[in-house]
Amino acid sequence: MSAAEHTVPAIEMKGITKIYSNGVVANKDVDFSVNYGEIHAVMGENGAGKSTLMKMLFGIEKVDKGQIFFEGKPVTINSPAEAIALKIGMVHQEFMLVPSLTVAENMVLREEPRKGIFIDRNKAVEETRKISEAFHLPVDPRARVADLPVGIKQRVEILKALYRGAKILILDEPTAVLTPQETEELFRQLLILKEHGHTVIFISHKIREIKQICDRITILKNGRSMGVYQVKDISEADISRLMVGHEVKMNLEKKEAHPGNTVLKVEHVHYGYGEGKLKLNDVTFSVRKGEIVGIAGVEGNGQRELLECLTGLRKAQRGRVTISGKDVSGMNIYEIREKAKTAYIPQDRLLFGVAAGASIEENLLANRMNYREFSHWGVLKEKNFVKTAKELIREFTIKCDSEKQLVSMLSGGNIQKVVVARELSMPRDLIIIDQPSRGIDVGATKFIHEKIFELRDAGAAILVNSADLAEILELSDSLIVMYEGEIAAFFPDMKDVTEEQLGEYMLGIKKQTQEEIREAYHE
């Protein structure tokens, strides 16, 4: 049956309520429906209930009250397997791939092609290549997922859902780490899926993207539906007001930077991987006190490896890194944090940013448990511990039931706020931030940007990597562009830099010479 022949919605959710055992109300009497052949946005602040609603549709969470209908018939979805049987697929904000397996092995997991009693790995590779070509989403079937950048992992997740026959595809913050070019390509493919009768449920905080690609929008606030609207009939200001109760304007006041002495100095750093390919090739730059240096680049061009070499997660094979005059090249993660006074907000908040099985307060204060203010002779000073945690929850507007709640119970955006609160609430000489606004709403983004400006003006040296070019242009005082593990361009002044101009260097169409980069540099 084609999309046009359907006379009832593909999915209807009526009166959906979800209350967790700790009393937190995630959704209250929510109605939601989507049709075949539409791209339907779900928007709301952090903790508004967007992801929880979709997790119930995908069988990850149990519906406490209400009914789900599939093509007009009531259904109970108790597991992702039952959702997949109904041709519902979901790409999560935090990916569900097995890092140690290859792309092809992840694609066919639990549906492995067989050659006798053995898995036919060549068939798995061929099937992966075939579906990636069909949907114009190229991936290397033999690459190990652990070695892939975030943007490519997301692509594998989308292909995995399509491989399992998904006709209804739930995408949770799909463009959070994509460049404008990658986002445009994704949108092109989603429109092709729509033309072929697929349904896309598009969870996003980016109002501009919603206006660009979506047909209808459901807005949630505090777990309740604020209504369903035709995207063409509702303004960006109205969407913002419905989400947060008032219009959020991102016109932040940014004072002129007054850089001081050099804090971070990176000299001729190399980091490589198999077959003689280099992920970092002779990278040299610096960041000064009271300055924000941005990094732009298509995912997979060495940004992740660079930041991990600076923070001790990887060891550079050649070169030297100094922070506040201290050579940190041989230091471990703890020494870099404490001796070199460095803070780090990673792009993968669940893997590197938090301990998911610990409480919010434990995560907020994990970097200072051995401080005299919070412990003495190994005994925790509970009163100070709780008091500080509550202050940080309030200051960074973390939406939670209490400081004792497990951090894994929070929405993705609020987990990001926990990481930001921990890292930005202590005096640090150098702050390294990877994807500061990934998966968080416009209000939280504004708050974090304001905090970054505040810390810069107080004298911190800040290095920021972001796949959102609008964000990197707004934050940066100067900017480096990375392409194939090298610095392809350096812009000491952001006044005349455009997204289109950056895109040319990011895609390798243009490249400054080493002499041009040295001339542009302030040292």
# chains A, B, ... in the order shown; residues from 1 in each chain; ligands from 1

$ select_by_dssp --residues "stretch 302-353 of chain A" --states "alpha helix (DSSP H)" --output "ChimeraX atom specification"
/A:303-311,333-338

$ write_last_selection --atoms "C-alpha atoms" --output "PDB file, in the first residue's frame"
ATOM      1  CA  GLN A 303      39.849  17.324  15.549  1.00  0.00           C
ATOM      2  CA  ARG A 304      38.963  14.527  17.954  1.00  0.00           C
ATOM      3  CA  GLU A 305      42.520  13.134  17.979  1.00  0.00           C
ATOM      4  CA  LEU A 306      43.957  16.606  18.567  1.00  0.00           C
ATOM      5  CA  LEU A 307      41.786  17.344  21.595  1.00  0.00           C
ATOM      6  CA  GLU A 308      42.411  13.874  23.031  1.00  0.00           C
ATOM      7  CA  CYS A 309      46.187  14.361  22.656  1.00  0.00           C
ATOM      8  CA  LEU A 310      45.891  17.666  24.518  1.00  0.00           C
ATOM      9  CA  THR A 311      43.877  16.141  27.391  1.00  0.00           C
ATOM     10  CA  ILE A 333      44.785  12.750  32.453  1.00  0.00           C
ATOM     11  CA  TYR A 334      44.720  13.559  36.177  1.00  0.00           C
ATOM     12  CA  GLU A 335      48.035  15.435  36.048  1.00  0.00           C
ATOM     13  CA  ILE A 336      46.910  17.523  33.071  1.00  0.00           C
ATOM     14  CA  ARG A 337      43.692  18.409  34.883  1.00  0.00           C
ATOM     15  CA  GLU A 338      45.255  19.247  38.247  1.00  0.00           C
TER      16      GLU A 338
END

$ residues_around --residues "stretch 446-459 of chain A" --least-positions-apart "2" --cutoff "6 Å" --atoms "only C-alpha atoms" --output "VMD selection string"
chain A and resid 289 to 290 443 to 444

$ write_last_selection --atoms "C-alpha atoms" --output "CSV table (one decimal), in the first residue's frame"
chain,number,residue,atom,x,y,z
A,289,LYS,CA,44.9,34.0,28.1
A,290,GLY,CA,41.5,35.7,27.5
A,443,GLY,CA,18.0,28.3,25.9
A,444,ALA,CA,20.7,26.0,27.2

$ closest_residue --among "A:Leu351, A:Leu410, A:Ala489, A:Ala460" --to "A:Val24" --atoms "only C-alpha atoms"
A:Leu410

$ residues_around --residues "A:Met54" --least-positions-apart "5" --cutoff "10 Å" --atoms "only C-alpha atoms" --output "PyMOL selection string"
chain A and resi 42+49+59-61+90+92+170-172+201+203

$ select_by_dssp --residues "stretch 48-231 of chain A" --states "strand (DSSP E or B)" --output "MDAnalysis selection string"
chainID A and resid 65:70 73:75 88:91 102 114:115 118:119 144 168:172 199:203 216:221 224:230

$ residues_around --residues "A:Arg518" --least-positions-apart "4" --cutoff "12 Å" --atoms "only C-alpha atoms" --output "PyMOL selection string"
chain A and resi 284-286+487-492+512-514+522-523

$ write_last_selection --atoms "C-alpha atoms" --output "CSV table (one decimal), in the first residue's frame"
chain,number,residue,atom,x,y,z
A,284,THR,CA,51.2,23.8,15.5
A,285,PHE,CA,49.1,26.6,17.1
A,286,SER,CA,48.6,28.4,20.4
A,487,ILE,CA,45.8,23.1,9.7
A,488,ALA,CA,44.4,24.2,6.3
A,489,ALA,CA,43.8,27.8,7.3
A,490,PHE,CA,44.1,30.2,10.2
A,491,PHE,CA,41.9,33.3,10.7
A,492,PRO,CA,43.2,35.7,13.4
A,512,GLN,CA,46.6,28.4,2.9
A,513,THR,CA,50.3,27.9,2.6
A,514,GLN,CA,52.5,27.4,5.7
A,522,HIS,CA,50.3,36.4,16.4
A,523,GLU,CA,53.6,34.9,17.5

$ residues_around --residues "A:Val108" --least-positions-apart "6" --cutoff "10 Å" --atoms "only C-alpha atoms" --output "ChimeraX atom specification"
/A:121,123-125,127-128,160,163-164

$ write_last_selection --atoms "N, CA and C atoms" --output "compact mmCIF listing (two decimals), in the first residue's frame"
# COMPACT_ATOMS: atom_id res chain seq x y z
N ARG A 121 30.84 -13.14 6.10
CA ARG A 121 31.28 -11.75 6.29
C ARG A 121 31.37 -11.00 4.96
N LYS A 123 29.37 -11.40 2.47
CA LYS A 123 27.99 -11.03 2.14
C LYS A 123 27.56 -9.82 2.98
N ALA A 124 27.98 -9.80 4.24
CA ALA A 124 27.65 -8.67 5.11
C ALA A 124 28.26 -7.38 4.56
N VAL A 125 29.50 -7.46 4.10
CA VAL A 125 30.17 -6.29 3.51
C VAL A 125 29.44 -5.85 2.25
N GLU A 127 26.25 -6.42 1.40
CA GLU A 127 24.94 -5.87 1.75
C GLU A 127 25.07 -4.44 2.27
N THR A 128 26.09 -4.21 3.08
CA THR A 128 26.33 -2.87 3.62
C THR A 128 26.66 -1.89 2.51
N LYS A 160 21.57 1.26 9.35
CA LYS A 160 21.19 0.04 10.07
C LYS A 160 19.67 -0.05 10.19
N TYR A 163 18.25 -0.80 6.76
CA TYR A 163 18.55 -2.19 6.41
C TYR A 163 17.51 -3.14 7.00
N ARG A 164 17.00 -2.79 8.18
CA ARG A 164 15.99 -3.62 8.84
C ARG A 164 14.57 -3.28 8.37

$ closest_residue --among "A:Leu220, A:Leu190, A:Lys115, A:Ile432" --to "A:Val30" --atoms "only C-alpha atoms"
A:Leu220

$ closest_residue --among "A:Phe69, A:Phe352, A:Tyr344, A:Tyr483" --to "A:Leu86" --atoms "only C-alpha atoms"
A:Phe69

$ residues_around --residues "stretch 25-27 of chain A" --least-positions-apart "5" --cutoff "12 Å" --atoms "only C-alpha atoms" --output "PyMOL selection string"
chain A and resi 13-20+32+46-56+61-66+220-225+399-401+409-411

$ decode --residues "stretch 55-151 of chain A" --atoms "C-alpha atoms" --output "compact mmCIF listing (two decimals), in the first residue's frame"
# COMPACT_ATOMS: atom_id res chain seq x y z
CA LYS A 55 11.47 5.74 23.41
CA MET A 56 7.96 4.52 24.27
CA LEU A 57 7.15 4.37 20.57
CA PHE A 58 10.33 2.34 20.03
CA GLY A 59 9.66 0.00 22.96
CA ILE A 60 12.57 1.11 25.15
CA GLU A 61 10.28 2.64 27.77
CA LYS A 62 6.95 1.26 28.98
CA VAL A 63 3.74 3.28 28.54
CA ASP A 64 2.13 3.82 31.96
CA LYS A 65 -1.15 5.14 30.57
CA GLY A 66 -2.54 5.67 27.07
CA GLN A 67 -2.63 3.73 23.81
CA ILE A 68 -0.48 3.44 20.69
CA PHE A 69 -2.15 2.75 17.33
CA PHE A 70 -0.33 1.43 14.25
CA GLU A 71 -2.25 2.03 11.01
CA GLY A 72 -5.43 2.43 13.06
CA LYS A 73 -5.02 -0.75 15.11
CA PRO A 74 -4.09 -0.74 18.82
CA VAL A 75 -0.64 -2.19 19.51
CA THR A 76 1.55 -2.76 22.54
CA ILE A 77 5.27 -2.21 21.88
CA ASN A 78 7.28 -3.81 24.67
CA SER A 79 10.69 -3.93 23.01
CA PRO A 80 12.71 -2.49 20.10
CA ALA A 81 12.32 -5.86 18.36
CA GLU A 82 8.53 -5.41 18.36
CA ALA A 83 8.96 -1.84 17.05
CA ILE A 84 11.26 -3.05 14.27
CA ALA A 85 8.67 -5.69 13.35
CA LEU A 86 6.27 -2.76 12.79
CA LYS A 87 8.97 -1.17 10.57
CA ILE A 88 9.82 1.51 13.15
CA GLY A 89 13.50 2.41 13.46
CA MET A 90 15.26 4.82 15.82
CA VAL A 91 18.62 6.57 15.66
CA HIS A 92 19.45 7.65 19.20
CA GLN A 93 21.28 10.78 20.25
CA GLU A 94 23.74 8.50 22.04
CA PHE A 95 24.57 5.78 19.54
CA MET A 96 23.78 2.09 20.11
CA LEU A 97 26.57 0.56 18.01
CA VAL A 98 29.10 -2.05 19.20
CA PRO A 99 32.46 -0.21 19.04
CA SER A 100 34.65 -3.32 18.67
CA LEU A 101 32.76 -4.56 15.59
CA THR A 102 33.08 -3.35 11.99
CA VAL A 103 30.43 -1.30 10.21
CA ALA A 104 29.23 -4.38 8.31
CA GLU A 105 29.10 -6.50 11.49
CA ASN A 106 27.01 -3.82 13.21
CA MET A 107 24.70 -3.58 10.20
CA VAL A 108 23.79 -7.28 10.20
CA LEU A 109 23.95 -7.88 13.96
CA ARG A 110 21.36 -10.54 14.92
CA GLU A 111 20.49 -10.91 11.22
CA GLU A 112 23.85 -12.28 10.06
CA PRO A 113 23.97 -13.84 6.57
CA ARG A 114 25.17 -17.45 6.77
CA LYS A 115 27.43 -19.67 4.72
CA GLY A 116 26.69 -23.06 6.20
CA ILE A 117 27.18 -22.73 9.95
CA PHE A 118 29.49 -19.72 9.61
CA ILE A 119 28.75 -16.01 9.25
CA ASP A 120 29.22 -14.88 5.65
CA ARG A 121 31.28 -11.75 6.29
CA ASN A 122 31.77 -11.03 2.60
CA LYS A 123 27.99 -11.03 2.14
CA ALA A 124 27.65 -8.67 5.11
CA VAL A 125 30.17 -6.29 3.51
CA GLU A 126 28.37 -6.49 0.17
CA GLU A 127 24.94 -5.87 1.75
CA THR A 128 26.33 -2.87 3.62
CA ARG A 129 27.91 -1.45 0.50
CA LYS A 130 24.71 -1.98 -1.47
CA ILE A 131 22.42 -0.16 1.00
CA SER A 132 24.91 2.67 1.57
CA GLU A 133 25.05 3.27 -2.19
CA ALA A 134 21.26 3.03 -2.54
CA PHE A 135 20.76 5.81 0.00
CA HIS A 136 23.87 7.82 -0.99
CA LEU A 137 25.31 7.54 2.52
CA PRO A 138 28.85 6.21 1.92
CA VAL A 139 30.59 4.22 4.66
CA ASP A 140 33.54 1.82 4.75
CA PRO A 141 31.96 -1.58 5.59
CA ARG A 142 35.25 -2.94 6.96
CA ALA A 143 36.05 0.01 9.27
CA ARG A 144 35.88 -0.62 13.00
CA VAL A 145 33.14 1.51 14.59
CA ALA A 146 35.42 2.56 17.50
CA ASP A 147 37.67 4.31 14.96
CA LEU A 148 34.88 6.29 13.31
CA PRO A 149 34.06 9.96 14.01
CA VAL A 150 30.65 10.74 15.46
CA GLY A 151 29.15 11.91 12.16
